[in-house]
2 protein chains.
Amino acid sequence: MGLFSKDIQTMDDLYLHMLEDIYYAEQQIEKALPKMIEKASSSALKAAFESHLQETKGHLERLEEVFALLNKDVKGATCPAIDGIIKETNEISKEISDEKVLDAALAAAAQAVEYYEMTRYGTLIAWSKEMGRTDCAQILQQTLEEEQAADQKLTRIAEERLNKAA
Amino acid sequence: MGLFSKDIQTMDDLYLHMLEDIYYAEQQIEKALPKMIEKASSSALKAAFESHLQETKGHLERLEEVFALLNKDVKGATCPAIDGIIKETNEISKEISDEKVLDAALAAAAQAVEYYEMTRYGTLIAWSKEMGRTDCAQILQQTLEEEQAADQKLTRIAEERLNKAA
C-alpha cells in the first residue's frame, strides 16, 4: 500500500486497497521471475520458477475478475513489502558466485515471496467472506492453493538437494 | 539482506547472512509493535500484540544463542523486506480513521510480519539441518512454533470479529 493511498474509511475501501496491493505485487513477481529463472542452475528450480511464472499470469487474471465483480477499475497500488522482498533477492544474488549457494538463496527468496502472497490472499479471502462476497472468496481461494502448492514444491526441491548431499 | 552485504561464498556465509537478516527484522518488529498496540482498539488485538512483543524479545535472545553457538558476533543486516512491510503498515494506518477498519488493517499487517518471519525461520531450520547443526535448528524451531501460534491467534480474533458482526 503506497504513499499516495487515498483515505480509507470503510472495510470496502480497505479491501479494495489490499486488492490493488496484491495486484501490484503479482505484477512485480511476474517481472522478477524471468531473472530468477535465468540465475537458477538446478533444472528442478528453473522448472518450479517457470511454472510459477505461468501461475502468476493466472493470478493476475483472477484478480482482474475480482475487480470486475466489484465494478472497480483494475489497478495496482505500490507495495513496499514486495518491493523490499524483491530488492533483497536482487542484492543477495549479486553477492553469490557459487551455483548451489545461489540456488539456495533464490529458493529462499521465492518462498518469502510466496509467503507474502499467502498472507495477503488469506486476508482477502477472510474479508471477502466477512463482506458476503463468497464469489470473490472462491476465486481468490484457487490462487491461495496454488501459492501453497508452489511453496511445498520448493520445500521438496530443497529436501531432495539435502538428501543428495547426505 | 542489505546493500552493504559482504561476499557470500559458501552456505555458511549465506546462513550467517540470513541470521543477521532475521535479527534485524526482529529488532524492527520490537520497535514497531508498541506503536501497533497504541493504535489498536480491540482489547483482544492489543493483548495479542503485547504478547507478541514479549515473544519477540525472546526471539532476539534465541538468535543471540545461535550466533554464540556459531562463534559469530551478534549483528543485524538491513532487511528491505521487513522495512517494506512495516512501512506499508505505517502508511495504511495513517489513512484510516475508523477503529474497526484500523484494527482489521493492523491485524493483517501483523500477519504479514509473522508470515515473513515464518518463511525465514523455516529456511534457517532447513539449512541448520543441512549443515548438521541440529542444536541451532532446535532453538529456531521454538521460535517458528511461537510465530505459527501468534498467526493462528490473529486468525481466531478475526473470526470472532466476523461472528460478532454476523
# chains A, B, ... in the order shown; residues from 1 in each chain; ligands from 1
$ calpha_fit_and_write --fixed "chain A" --moving "chain B" --output "CSV table (one decimal) with N, CA and C atoms, in the first residue's frame"
chain,number,residue,atom,x,y,z
B,1,MET,N,0.8,-1.3,0.0
B,1,MET,CA,0.0,-0.1,0.0
B,1,MET,C,0.9,1.2,0.0
B,2,GLY,N,0.5,2.1,-0.9
B,2,GLY,CA,1.5,3.1,-1.2
B,2,GLY,C,1.4,4.4,-0.5
B,3,LEU,N,2.4,5.3,-0.7
B,3,LEU,CA,2.4,6.6,-0.2
B,3,LEU,C,1.2,7.4,-0.6
B,4,PHE,N,0.8,7.2,-1.8
B,4,PHE,CA,-0.3,8.0,-2.3
B,4,PHE,C,-1.7,7.4,-2.2
B,5,SER,N,-1.8,6.5,-1.2
B,5,SER,CA,-3.1,5.8,-1.0
B,5,SER,C,-4.1,6.8,-0.6
B,6,LYS,N,-5.3,6.6,-1.1
B,6,LYS,CA,-6.4,7.5,-0.7
B,6,LYS,C,-6.9,7.2,0.7
B,7,ASP,N,-7.8,8.1,1.2
B,7,ASP,CA,-8.3,7.8,2.5
B,7,ASP,C,-9.1,6.5,2.5
B,8,ILE,N,-9.0,5.8,3.6
B,8,ILE,CA,-9.7,4.5,3.8
B,8,ILE,C,-10.7,4.7,4.9
B,9,GLN,N,-11.9,4.7,4.5
B,9,GLN,CA,-13.0,5.0,5.5
B,9,GLN,C,-13.7,3.7,6.0
B,10,THR,N,-13.8,2.7,5.0
B,10,THR,CA,-14.7,1.6,5.3
B,10,THR,C,-13.9,0.3,5.0
B,11,MET,N,-14.5,-0.8,5.4
B,11,MET,CA,-13.9,-2.1,5.1
B,11,MET,C,-13.8,-2.3,3.6
B,12,ASP,N,-14.8,-1.8,2.9
B,12,ASP,CA,-14.8,-1.9,1.4
B,12,ASP,C,-13.5,-1.2,0.8
B,13,ASP,N,-13.3,0.0,1.4
B,13,ASP,CA,-12.1,0.8,0.9
B,13,ASP,C,-10.8,0.0,1.2
B,14,LEU,N,-10.8,-0.6,2.5
B,14,LEU,CA,-9.6,-1.3,2.9
B,14,LEU,C,-9.4,-2.6,2.0
B,15,TYR,N,-10.5,-3.2,1.7
B,15,TYR,CA,-10.4,-4.4,0.8
B,15,TYR,C,-9.9,-4.1,-0.6
B,16,LEU,N,-10.4,-3.0,-1.1
B,16,LEU,CA,-10.0,-2.6,-2.5
B,16,LEU,C,-8.5,-2.2,-2.5
B,17,HIS,N,-8.1,-1.6,-1.4
B,17,HIS,CA,-6.7,-1.2,-1.3
B,17,HIS,C,-5.8,-2.4,-1.2
B,18,MET,N,-6.2,-3.4,-0.5
B,18,MET,CA,-5.5,-4.7,-0.4
B,18,MET,C,-5.4,-5.4,-1.8
B,19,LEU,N,-6.5,-5.3,-2.5
B,19,LEU,CA,-6.6,-5.9,-3.8
B,19,LEU,C,-5.6,-5.2,-4.8
B,20,GLU,N,-5.6,-3.9,-4.7
B,20,GLU,CA,-4.6,-3.2,-5.5
B,20,GLU,C,-3.2,-3.5,-5.1
B,21,ASP,N,-3.0,-3.7,-3.8
B,21,ASP,CA,-1.6,-4.0,-3.3
B,21,ASP,C,-1.2,-5.3,-3.8
B,22,ILE,N,-2.0,-6.4,-3.8
B,22,ILE,CA,-1.6,-7.7,-4.2
B,22,ILE,C,-1.5,-7.7,-5.8
B,23,TYR,N,-2.3,-6.9,-6.4
B,23,TYR,CA,-2.2,-6.8,-7.9
B,23,TYR,C,-0.8,-6.3,-8.3
B,24,TYR,N,-0.4,-5.2,-7.7
B,24,TYR,CA,0.9,-4.7,-7.9
B,24,TYR,C,2.0,-5.7,-7.6
B,25,ALA,N,1.8,-6.4,-6.5
B,25,ALA,CA,2.8,-7.4,-6.0
B,25,ALA,C,2.9,-8.5,-7.1
B,26,GLU,N,1.8,-9.0,-7.6
B,26,GLU,CA,1.8,-10.0,-8.7
B,26,GLU,C,2.5,-9.5,-9.9
B,27,GLN,N,2.3,-8.2,-10.2
B,27,GLN,CA,3.0,-7.6,-11.4
B,27,GLN,C,4.5,-7.6,-11.2
B,28,GLN,N,4.9,-7.3,-10.0
B,28,GLN,CA,6.4,-7.2,-9.7
B,28,GLN,C,7.0,-8.6,-9.8
B,29,ILE,N,6.2,-9.6,-9.3
B,29,ILE,CA,6.7,-11.0,-9.3
B,29,ILE,C,6.8,-11.5,-10.7
B,30,GLU,N,5.8,-11.1,-11.6
B,30,GLU,CA,5.9,-11.5,-13.0
B,30,GLU,C,7.1,-11.0,-13.6
B,31,LYS,N,7.5,-9.8,-13.2
B,31,LYS,CA,8.8,-9.2,-13.8
B,31,LYS,C,10.0,-9.8,-13.2
B,32,ALA,N,10.0,-10.2,-11.9
B,32,ALA,CA,11.2,-10.7,-11.2
B,32,ALA,C,11.5,-12.2,-11.6
B,33,LEU,N,10.5,-13.0,-11.9
B,33,LEU,CA,10.7,-14.4,-12.1
B,33,LEU,C,11.6,-14.7,-13.3
B,34,PRO,N,11.4,-14.1,-14.4
B,34,PRO,CA,12.3,-14.4,-15.5
B,34,PRO,C,13.8,-14.2,-15.2
B,35,LYS,N,14.1,-13.2,-14.3
B,35,LYS,CA,15.5,-13.0,-13.9
B,35,LYS,C,15.9,-14.1,-13.0
B,36,MET,N,15.0,-14.6,-12.2
B,36,MET,CA,15.3,-15.7,-11.2
B,36,MET,C,15.5,-17.0,-12.0
B,37,ILE,N,14.7,-17.2,-13.1
B,37,ILE,CA,14.9,-18.4,-13.9
B,37,ILE,C,16.3,-18.4,-14.5
B,38,GLU,N,16.7,-17.2,-15.0
B,38,GLU,CA,18.0,-17.1,-15.7
B,38,GLU,C,19.1,-17.4,-14.7
B,39,LYS,N,19.0,-16.9,-13.5
B,39,LYS,CA,20.1,-17.1,-12.5
B,39,LYS,C,20.1,-18.5,-11.9
B,40,ALA,N,19.0,-19.2,-11.9
B,40,ALA,CA,19.0,-20.6,-11.2
B,40,ALA,C,19.8,-21.6,-12.1
B,41,SER,N,20.5,-22.5,-11.4
B,41,SER,CA,21.3,-23.5,-12.1
B,41,SER,C,20.5,-24.9,-12.1
B,42,SER,N,19.9,-25.3,-11.0
B,42,SER,CA,19.2,-26.5,-10.9
B,42,SER,C,18.0,-26.6,-11.8
B,43,SER,N,17.9,-27.6,-12.6
B,43,SER,CA,16.8,-27.7,-13.6
B,43,SER,C,15.5,-27.8,-12.8
B,44,ALA,N,15.4,-28.4,-11.7
B,44,ALA,CA,14.2,-28.5,-10.9
B,44,ALA,C,13.7,-27.1,-10.4
B,45,LEU,N,14.7,-26.3,-10.0
B,45,LEU,CA,14.4,-25.0,-9.5
B,45,LEU,C,13.9,-24.1,-10.7
B,46,LYS,N,14.6,-24.2,-11.8
B,46,LYS,CA,14.2,-23.4,-13.0
B,46,LYS,C,12.8,-23.8,-13.4
B,47,ALA,N,12.5,-25.1,-13.4
B,47,ALA,CA,11.1,-25.6,-13.8
B,47,ALA,C,10.1,-25.1,-12.8
B,48,ALA,N,10.4,-25.1,-11.5
B,48,ALA,CA,9.5,-24.6,-10.5
B,48,ALA,C,9.2,-23.1,-10.7
B,49,PHE,N,10.3,-22.3,-11.0
B,49,PHE,CA,10.1,-20.9,-11.2
B,49,PHE,C,9.3,-20.7,-12.5
B,50,GLU,N,9.6,-21.5,-13.5
B,50,GLU,CA,8.8,-21.3,-14.8
B,50,GLU,C,7.3,-21.6,-14.6
B,51,SER,N,7.1,-22.6,-13.8
B,51,SER,CA,5.6,-23.0,-13.6
B,51,SER,C,5.0,-21.9,-12.7
B,52,HIS,N,5.7,-21.3,-11.8
B,52,HIS,CA,5.2,-20.2,-11.0
B,52,HIS,C,4.9,-19.0,-11.8
B,53,LEU,N,5.8,-18.8,-12.8
B,53,LEU,CA,5.6,-17.6,-13.7
B,53,LEU,C,4.2,-17.7,-14.5
B,54,GLN,N,4.0,-18.9,-15.0
B,54,GLN,CA,2.7,-19.2,-15.7
B,54,GLN,C,1.5,-19.0,-14.7
B,55,GLU,N,1.7,-19.5,-13.5
B,55,GLU,CA,0.6,-19.4,-12.5
B,55,GLU,C,0.4,-17.9,-12.1
B,56,THR,N,1.5,-17.1,-12.1
B,56,THR,CA,1.3,-15.7,-11.7
B,56,THR,C,0.5,-15.0,-12.7
B,57,LYS,N,0.6,-15.3,-14.0
B,57,LYS,CA,-0.2,-14.7,-15.0
B,57,LYS,C,-1.7,-15.0,-14.8
B,58,GLY,N,-1.9,-16.3,-14.3
B,58,GLY,CA,-3.3,-16.7,-14.0
B,58,GLY,C,-3.8,-15.9,-12.8
B,59,HIS,N,-2.9,-15.7,-11.8
B,59,HIS,CA,-3.3,-14.9,-10.6
B,59,HIS,C,-3.7,-13.5,-10.9
B,60,LEU,N,-3.0,-12.9,-11.9
B,60,LEU,CA,-3.3,-11.5,-12.3
B,60,LEU,C,-4.7,-11.5,-12.9
B,61,GLU,N,-5.0,-12.6,-13.8
B,61,GLU,CA,-6.3,-12.6,-14.4
B,61,GLU,C,-7.4,-12.8,-13.4
B,62,ARG,N,-7.2,-13.6,-12.4
B,62,ARG,CA,-8.2,-13.8,-11.3
B,62,ARG,C,-8.4,-12.6,-10.6
B,63,LEU,N,-7.4,-11.8,-10.3
B,63,LEU,CA,-7.6,-10.5,-9.6
B,63,LEU,C,-8.4,-9.6,-10.5
B,64,GLU,N,-8.2,-9.6,-11.8
B,64,GLU,CA,-8.9,-8.8,-12.7
B,64,GLU,C,-10.4,-9.2,-12.7
B,65,GLU,N,-10.7,-10.5,-12.5
B,65,GLU,CA,-12.1,-10.9,-12.4
B,65,GLU,C,-12.7,-10.4,-11.1
B,66,VAL,N,-11.9,-10.3,-10.0
B,66,VAL,CA,-12.5,-9.8,-8.7
B,66,VAL,C,-12.7,-8.3,-8.9
B,67,PHE,N,-11.8,-7.6,-9.5
B,67,PHE,CA,-12.1,-6.2,-9.7
B,67,PHE,C,-13.4,-6.0,-10.5
B,68,ALA,N,-13.6,-6.8,-11.5
B,68,ALA,CA,-14.8,-6.7,-12.4
B,68,ALA,C,-16.0,-7.1,-11.5
B,69,LEU,N,-16.0,-8.1,-10.7
B,69,LEU,CA,-17.1,-8.4,-9.9
B,69,LEU,C,-17.5,-7.3,-8.9
B,70,LEU,N,-16.5,-6.5,-8.5
B,70,LEU,CA,-16.8,-5.4,-7.6
B,70,LEU,C,-17.0,-4.1,-8.4
B,71,ASN,N,-17.0,-4.2,-9.7
B,71,ASN,CA,-17.2,-3.0,-10.6
B,71,ASN,C,-16.2,-1.9,-10.3
B,72,LYS,N,-14.9,-2.3,-10.1
B,72,LYS,CA,-13.9,-1.4,-9.9
B,72,LYS,C,-12.8,-1.5,-11.0
B,73,ASP,N,-12.1,-0.4,-11.2
B,73,ASP,CA,-11.1,-0.3,-12.2
B,73,ASP,C,-9.9,-1.2,-11.7
B,74,VAL,N,-9.3,-1.9,-12.7
B,74,VAL,CA,-8.1,-2.7,-12.4
B,74,VAL,C,-7.0,-1.8,-12.2
B,75,LYS,N,-6.4,-1.8,-11.0
B,75,LYS,CA,-5.1,-1.0,-10.9
B,75,LYS,C,-4.3,-1.6,-9.7
B,76,GLY,N,-3.0,-1.2,-9.7
B,76,GLY,CA,-2.1,-1.7,-8.7
B,76,GLY,C,-1.8,-0.5,-7.8
B,77,ALA,N,-1.5,-0.8,-6.5
B,77,ALA,CA,-1.0,0.3,-5.6
B,77,ALA,C,0.4,-0.2,-5.1
B,78,THR,N,1.3,0.8,-5.2
B,78,THR,CA,2.7,0.4,-4.8
B,78,THR,C,2.7,-0.3,-3.5
B,79,CYS,N,3.5,-1.4,-3.4
B,79,CYS,CA,3.5,-2.2,-2.2
B,79,CYS,C,4.9,-2.3,-1.8
B,80,PRO,N,5.3,-1.5,-0.8
B,80,PRO,CA,6.7,-1.5,-0.3
B,80,PRO,C,7.2,-2.9,0.2
B,81,ALA,N,6.3,-3.7,0.6
B,81,ALA,CA,6.6,-5.0,1.1
B,81,ALA,C,7.2,-5.9,0.0
B,82,ILE,N,6.5,-6.0,-1.1
B,82,ILE,CA,7.0,-6.9,-2.2
B,82,ILE,C,8.3,-6.3,-2.8
B,83,ASP,N,8.2,-4.9,-2.9
B,83,ASP,CA,9.4,-4.2,-3.4
B,83,ASP,C,10.7,-4.6,-2.6
B,84,GLY,N,10.5,-4.6,-1.2
B,84,GLY,CA,11.5,-4.9,-0.3
B,84,GLY,C,12.0,-6.4,-0.5
B,85,ILE,N,11.1,-7.3,-0.6
B,85,ILE,CA,11.5,-8.7,-0.8
B,85,ILE,C,12.3,-8.9,-2.1
B,86,ILE,N,11.8,-8.3,-3.2
B,86,ILE,CA,12.5,-8.4,-4.5
B,86,ILE,C,13.9,-7.7,-4.4
B,87,LYS,N,13.9,-6.6,-3.8
B,87,LYS,CA,15.2,-5.8,-3.7
B,87,LYS,C,16.2,-6.7,-3.0
B,88,GLU,N,15.8,-7.3,-1.9
B,88,GLU,CA,16.6,-8.2,-1.1
B,88,GLU,C,17.2,-9.4,-2.0
B,89,THR,N,16.3,-9.9,-2.8
B,89,THR,CA,16.7,-11.0,-3.6
B,89,THR,C,17.7,-10.6,-4.6
B,90,ASN,N,17.5,-9.4,-5.2
B,90,ASN,CA,18.5,-8.9,-6.2
B,90,ASN,C,19.8,-8.6,-5.6
B,91,GLU,N,19.8,-8.0,-4.4
B,91,GLU,CA,21.0,-7.7,-3.7
B,91,GLU,C,21.8,-8.9,-3.4
B,92,ILE,N,21.2,-9.9,-2.8
B,92,ILE,CA,21.9,-11.1,-2.3
B,92,ILE,C,22.4,-11.9,-3.5
B,93,SER,N,21.6,-11.9,-4.6
B,93,SER,CA,22.1,-12.7,-5.8
B,93,SER,C,23.4,-12.1,-6.3
B,94,LYS,N,23.6,-10.8,-6.3
B,94,LYS,CA,24.8,-10.2,-6.8
B,94,LYS,C,26.0,-10.6,-6.0
B,95,GLU,N,25.8,-11.0,-4.7
B,95,GLU,CA,26.9,-11.3,-3.8
B,95,GLU,C,27.4,-12.7,-3.9
B,96,ILE,N,26.7,-13.6,-4.7
B,96,ILE,CA,27.0,-15.0,-4.7
B,96,ILE,C,27.5,-15.5,-6.0
B,97,SER,N,28.6,-16.2,-6.0
B,97,SER,CA,29.1,-16.7,-7.3
B,97,SER,C,28.9,-18.2,-7.4
B,98,ASP,N,28.9,-19.0,-6.3
B,98,ASP,CA,28.7,-20.4,-6.3
B,98,ASP,C,27.3,-20.8,-6.7
B,99,GLU,N,27.1,-21.7,-7.6
B,99,GLU,CA,25.8,-22.1,-8.2
B,99,GLU,C,24.9,-22.6,-7.1
B,100,LYS,N,25.4,-23.5,-6.3
B,100,LYS,CA,24.5,-24.2,-5.3
B,100,LYS,C,24.0,-23.2,-4.2
B,101,VAL,N,25.0,-22.3,-3.8
B,101,VAL,CA,24.6,-21.3,-2.8
B,101,VAL,C,23.6,-20.3,-3.4
B,102,LEU,N,23.8,-20.0,-4.7
B,102,LEU,CA,22.8,-19.1,-5.3
B,102,LEU,C,21.5,-19.7,-5.4
B,103,ASP,N,21.4,-21.0,-5.8
B,103,ASP,CA,20.1,-21.7,-5.9
B,103,ASP,C,19.4,-21.7,-4.5
B,104,ALA,N,20.2,-22.0,-3.5
B,104,ALA,CA,19.6,-22.0,-2.1
B,104,ALA,C,19.0,-20.6,-1.8
B,105,ALA,N,19.7,-19.5,-2.1
B,105,ALA,CA,19.3,-18.2,-1.9
B,105,ALA,C,18.0,-17.8,-2.7
B,106,LEU,N,18.0,-18.3,-4.0
B,106,LEU,CA,16.9,-18.0,-4.9
B,106,LEU,C,15.6,-18.7,-4.4
B,107,ALA,N,15.8,-20.0,-4.0
B,107,ALA,CA,14.7,-20.8,-3.5
B,107,ALA,C,14.1,-20.1,-2.2
B,108,ALA,N,15.0,-19.7,-1.3
B,108,ALA,CA,14.5,-19.0,-0.1
B,108,ALA,C,13.8,-17.7,-0.4
B,109,ALA,N,14.3,-17.0,-1.4
B,109,ALA,CA,13.6,-15.7,-1.8
B,109,ALA,C,12.3,-16.0,-2.4
B,110,ALA,N,12.2,-17.0,-3.2
B,110,ALA,CA,10.9,-17.4,-3.8
B,110,ALA,C,9.9,-17.8,-2.7
B,111,GLN,N,10.4,-18.5,-1.7
B,111,GLN,CA,9.4,-18.9,-0.6
B,111,GLN,C,9.0,-17.6,0.2
B,112,ALA,N,9.9,-16.7,0.3
B,112,ALA,CA,9.5,-15.4,1.0
B,112,ALA,C,8.4,-14.7,0.2
B,113,VAL,N,8.5,-14.7,-1.1
B,113,VAL,CA,7.5,-14.1,-2.0
B,113,VAL,C,6.2,-14.8,-1.8
B,114,GLU,N,6.3,-16.2,-1.8
B,114,GLU,CA,5.0,-17.0,-1.7
B,114,GLU,C,4.3,-16.8,-0.4
B,115,TYR,N,5.1,-16.7,0.7
B,115,TYR,CA,4.5,-16.5,2.0
B,115,TYR,C,3.9,-15.1,2.0
B,116,TYR,N,4.5,-14.1,1.4
B,116,TYR,CA,3.8,-12.8,1.4
B,116,TYR,C,2.5,-12.9,0.6
B,117,GLU,N,2.5,-13.6,-0.5
B,117,GLU,CA,1.2,-13.7,-1.2
B,117,GLU,C,0.2,-14.5,-0.4
B,118,MET,N,0.6,-15.6,0.3
B,118,MET,CA,-0.3,-16.4,1.0
B,118,MET,C,-1.0,-15.6,2.1
B,119,THR,N,-0.2,-14.7,2.8
B,119,THR,CA,-0.8,-14.0,3.9
B,119,THR,C,-1.8,-13.0,3.3
B,120,ARG,N,-1.5,-12.3,2.2
B,120,ARG,CA,-2.4,-11.3,1.6
B,120,ARG,C,-3.6,-12.0,1.1
B,121,TYR,N,-3.5,-13.1,0.4
B,121,TYR,CA,-4.7,-13.8,-0.1
B,121,TYR,C,-5.5,-14.3,1.0
B,122,GLY,N,-4.9,-14.8,2.1
B,122,GLY,CA,-5.6,-15.3,3.2
B,122,GLY,C,-6.5,-14.2,3.8
B,123,THR,N,-5.9,-13.0,4.0
B,123,THR,CA,-6.6,-11.9,4.5
B,123,THR,C,-7.8,-11.5,3.6
B,124,LEU,N,-7.5,-11.5,2.3
B,124,LEU,CA,-8.6,-11.1,1.3
B,124,LEU,C,-9.7,-12.1,1.3
B,125,ILE,N,-9.4,-13.4,1.5
B,125,ILE,CA,-10.4,-14.4,1.5
B,125,ILE,C,-11.3,-14.2,2.7
B,126,ALA,N,-10.7,-14.0,3.9
B,126,ALA,CA,-11.4,-13.7,5.1
B,126,ALA,C,-12.3,-12.5,5.0
B,127,TRP,N,-11.8,-11.4,4.5
B,127,TRP,CA,-12.5,-10.2,4.3
B,127,TRP,C,-13.7,-10.4,3.3
B,128,SER,N,-13.4,-11.2,2.2
B,128,SER,CA,-14.5,-11.4,1.2
B,128,SER,C,-15.7,-12.1,1.9
B,129,LYS,N,-15.4,-13.1,2.7
B,129,LYS,CA,-16.4,-13.8,3.4
B,129,LYS,C,-17.2,-12.8,4.4
B,130,GLU,N,-16.4,-12.0,5.1
B,130,GLU,CA,-17.0,-11.0,6.0
B,130,GLU,C,-17.9,-10.1,5.3
B,131,MET,N,-17.6,-9.8,4.0
B,131,MET,CA,-18.4,-8.8,3.3
B,131,MET,C,-19.5,-9.6,2.5
B,132,GLY,N,-19.6,-10.9,2.7
B,132,GLY,CA,-20.6,-11.7,2.0
B,132,GLY,C,-20.3,-11.9,0.5
B,133,ARG,N,-19.1,-11.7,0.2
B,133,ARG,CA,-18.7,-11.9,-1.2
B,133,ARG,C,-18.0,-13.3,-1.4
B,134,THR,N,-18.8,-14.3,-1.3
B,134,THR,CA,-18.2,-15.7,-1.5
B,134,THR,C,-17.7,-15.9,-2.9
B,135,ASP,N,-18.3,-15.1,-3.9
B,135,ASP,CA,-17.9,-15.3,-5.2
B,135,ASP,C,-16.4,-14.8,-5.4
B,136,CYS,N,-16.0,-13.7,-4.7
B,136,CYS,CA,-14.6,-13.3,-4.7
B,136,CYS,C,-13.8,-14.3,-3.9
B,137,ALA,N,-14.3,-14.7,-2.8
B,137,ALA,CA,-13.5,-15.6,-1.9
B,137,ALA,C,-13.1,-16.9,-2.7
B,138,GLN,N,-14.1,-17.4,-3.5
B,138,GLN,CA,-13.8,-18.7,-4.2
B,138,GLN,C,-12.7,-18.5,-5.3
B,139,ILE,N,-12.7,-17.3,-6.0
B,139,ILE,CA,-11.7,-17.1,-7.0
B,139,ILE,C,-10.3,-17.0,-6.3
B,140,LEU,N,-10.3,-16.2,-5.2
B,140,LEU,CA,-9.0,-16.0,-4.5
B,140,LEU,C,-8.5,-17.3,-3.9
B,141,GLN,N,-9.4,-18.1,-3.4
B,141,GLN,CA,-9.0,-19.4,-2.8
B,141,GLN,C,-8.2,-20.3,-3.8
B,142,GLN,N,-8.5,-20.2,-5.1
B,142,GLN,CA,-7.8,-21.0,-6.1
B,142,GLN,C,-6.3,-20.6,-6.1
B,143,THR,N,-6.2,-19.3,-6.1
B,143,THR,CA,-4.8,-18.7,-6.1
B,143,THR,C,-4.0,-19.1,-4.9
B,144,LEU,N,-4.7,-19.0,-3.7
B,144,LEU,CA,-4.1,-19.3,-2.4
B,144,LEU,C,-3.6,-20.8,-2.5
B,145,GLU,N,-4.4,-21.7,-3.0
B,145,GLU,CA,-4.0,-23.1,-3.1
B,145,GLU,C,-2.8,-23.3,-4.0
B,146,GLU,N,-2.7,-22.5,-5.1
B,146,GLU,CA,-1.6,-22.6,-6.0
B,146,GLU,C,-0.3,-22.1,-5.3
B,147,GLU,N,-0.5,-21.0,-4.5
B,147,GLU,CA,0.7,-20.5,-3.8
B,147,GLU,C,1.2,-21.5,-2.8
B,148,GLN,N,0.3,-22.1,-2.1
B,148,GLN,CA,0.7,-23.2,-1.1
B,148,GLN,C,1.4,-24.3,-1.8
B,149,ALA,N,0.9,-24.7,-2.9
B,149,ALA,CA,1.5,-25.8,-3.7
B,149,ALA,C,2.9,-25.5,-4.2
B,150,ALA,N,3.0,-24.2,-4.6
B,150,ALA,CA,4.3,-23.7,-5.1
B,150,ALA,C,5.3,-23.7,-4.0
B,151,ASP,N,4.9,-23.3,-2.8
B,151,ASP,CA,5.8,-23.3,-1.6
B,151,ASP,C,6.2,-24.7,-1.3
B,152,GLN,N,5.3,-25.6,-1.3
B,152,GLN,CA,5.6,-27.0,-0.9
B,152,GLN,C,6.6,-27.6,-2.0
B,153,LYS,N,6.4,-27.3,-3.2
B,153,LYS,CA,7.3,-27.8,-4.3
B,153,LYS,C,8.7,-27.3,-4.0
B,154,LEU,N,8.9,-26.1,-3.6
B,154,LEU,CA,10.2,-25.5,-3.3
B,154,LEU,C,10.8,-26.2,-2.1
B,155,THR,N,10.0,-26.5,-1.1
B,155,THR,CA,10.4,-27.3,0.1
B,155,THR,C,10.9,-28.7,-0.3
B,156,ARG,N,10.2,-29.3,-1.2
B,156,ARG,CA,10.6,-30.7,-1.7
B,156,ARG,C,11.9,-30.6,-2.4
B,157,ILE,N,12.1,-29.6,-3.3
B,157,ILE,CA,13.3,-29.4,-4.0
B,157,ILE,C,14.5,-29.3,-3.1
B,158,ALA,N,14.3,-28.5,-2.0
B,158,ALA,CA,15.3,-28.3,-1.0
B,158,ALA,C,15.7,-29.6,-0.3
B,159,GLU,N,14.6,-30.3,0.0
B,159,GLU,CA,14.8,-31.6,0.7
B,159,GLU,C,15.6,-32.6,-0.2
B,160,GLU,N,15.3,-32.6,-1.5
B,160,GLU,CA,16.0,-33.5,-2.4
B,160,GLU,C,17.5,-33.1,-2.5
B,161,ARG,N,17.7,-31.8,-2.5
B,161,ARG,CA,19.1,-31.3,-2.5
B,161,ARG,C,19.8,-31.8,-1.3
B,162,LEU,N,19.1,-31.8,-0.2
B,162,LEU,CA,19.7,-32.2,1.1
B,162,LEU,C,20.0,-33.7,1.1
B,163,ASN,N,19.0,-34.5,0.6
B,163,ASN,CA,19.2,-35.9,0.5
B,163,ASN,C,20.4,-36.3,-0.4
B,164,LYS,N,20.5,-35.6,-1.5
B,164,LYS,CA,21.6,-35.9,-2.4
B,164,LYS,C,23.0,-35.6,-1.7
B,165,ALA,N,23.0,-34.5,-1.0
B,165,ALA,CA,24.2,-34.0,-0.3
B,165,ALA,C,24.6,-35.0,0.8
B,166,ALA,N,23.6,-35.7,1.4
B,166,ALA,CA,23.8,-36.6,2.6
B,166,ALA,C,24.5,-37.9,2.1
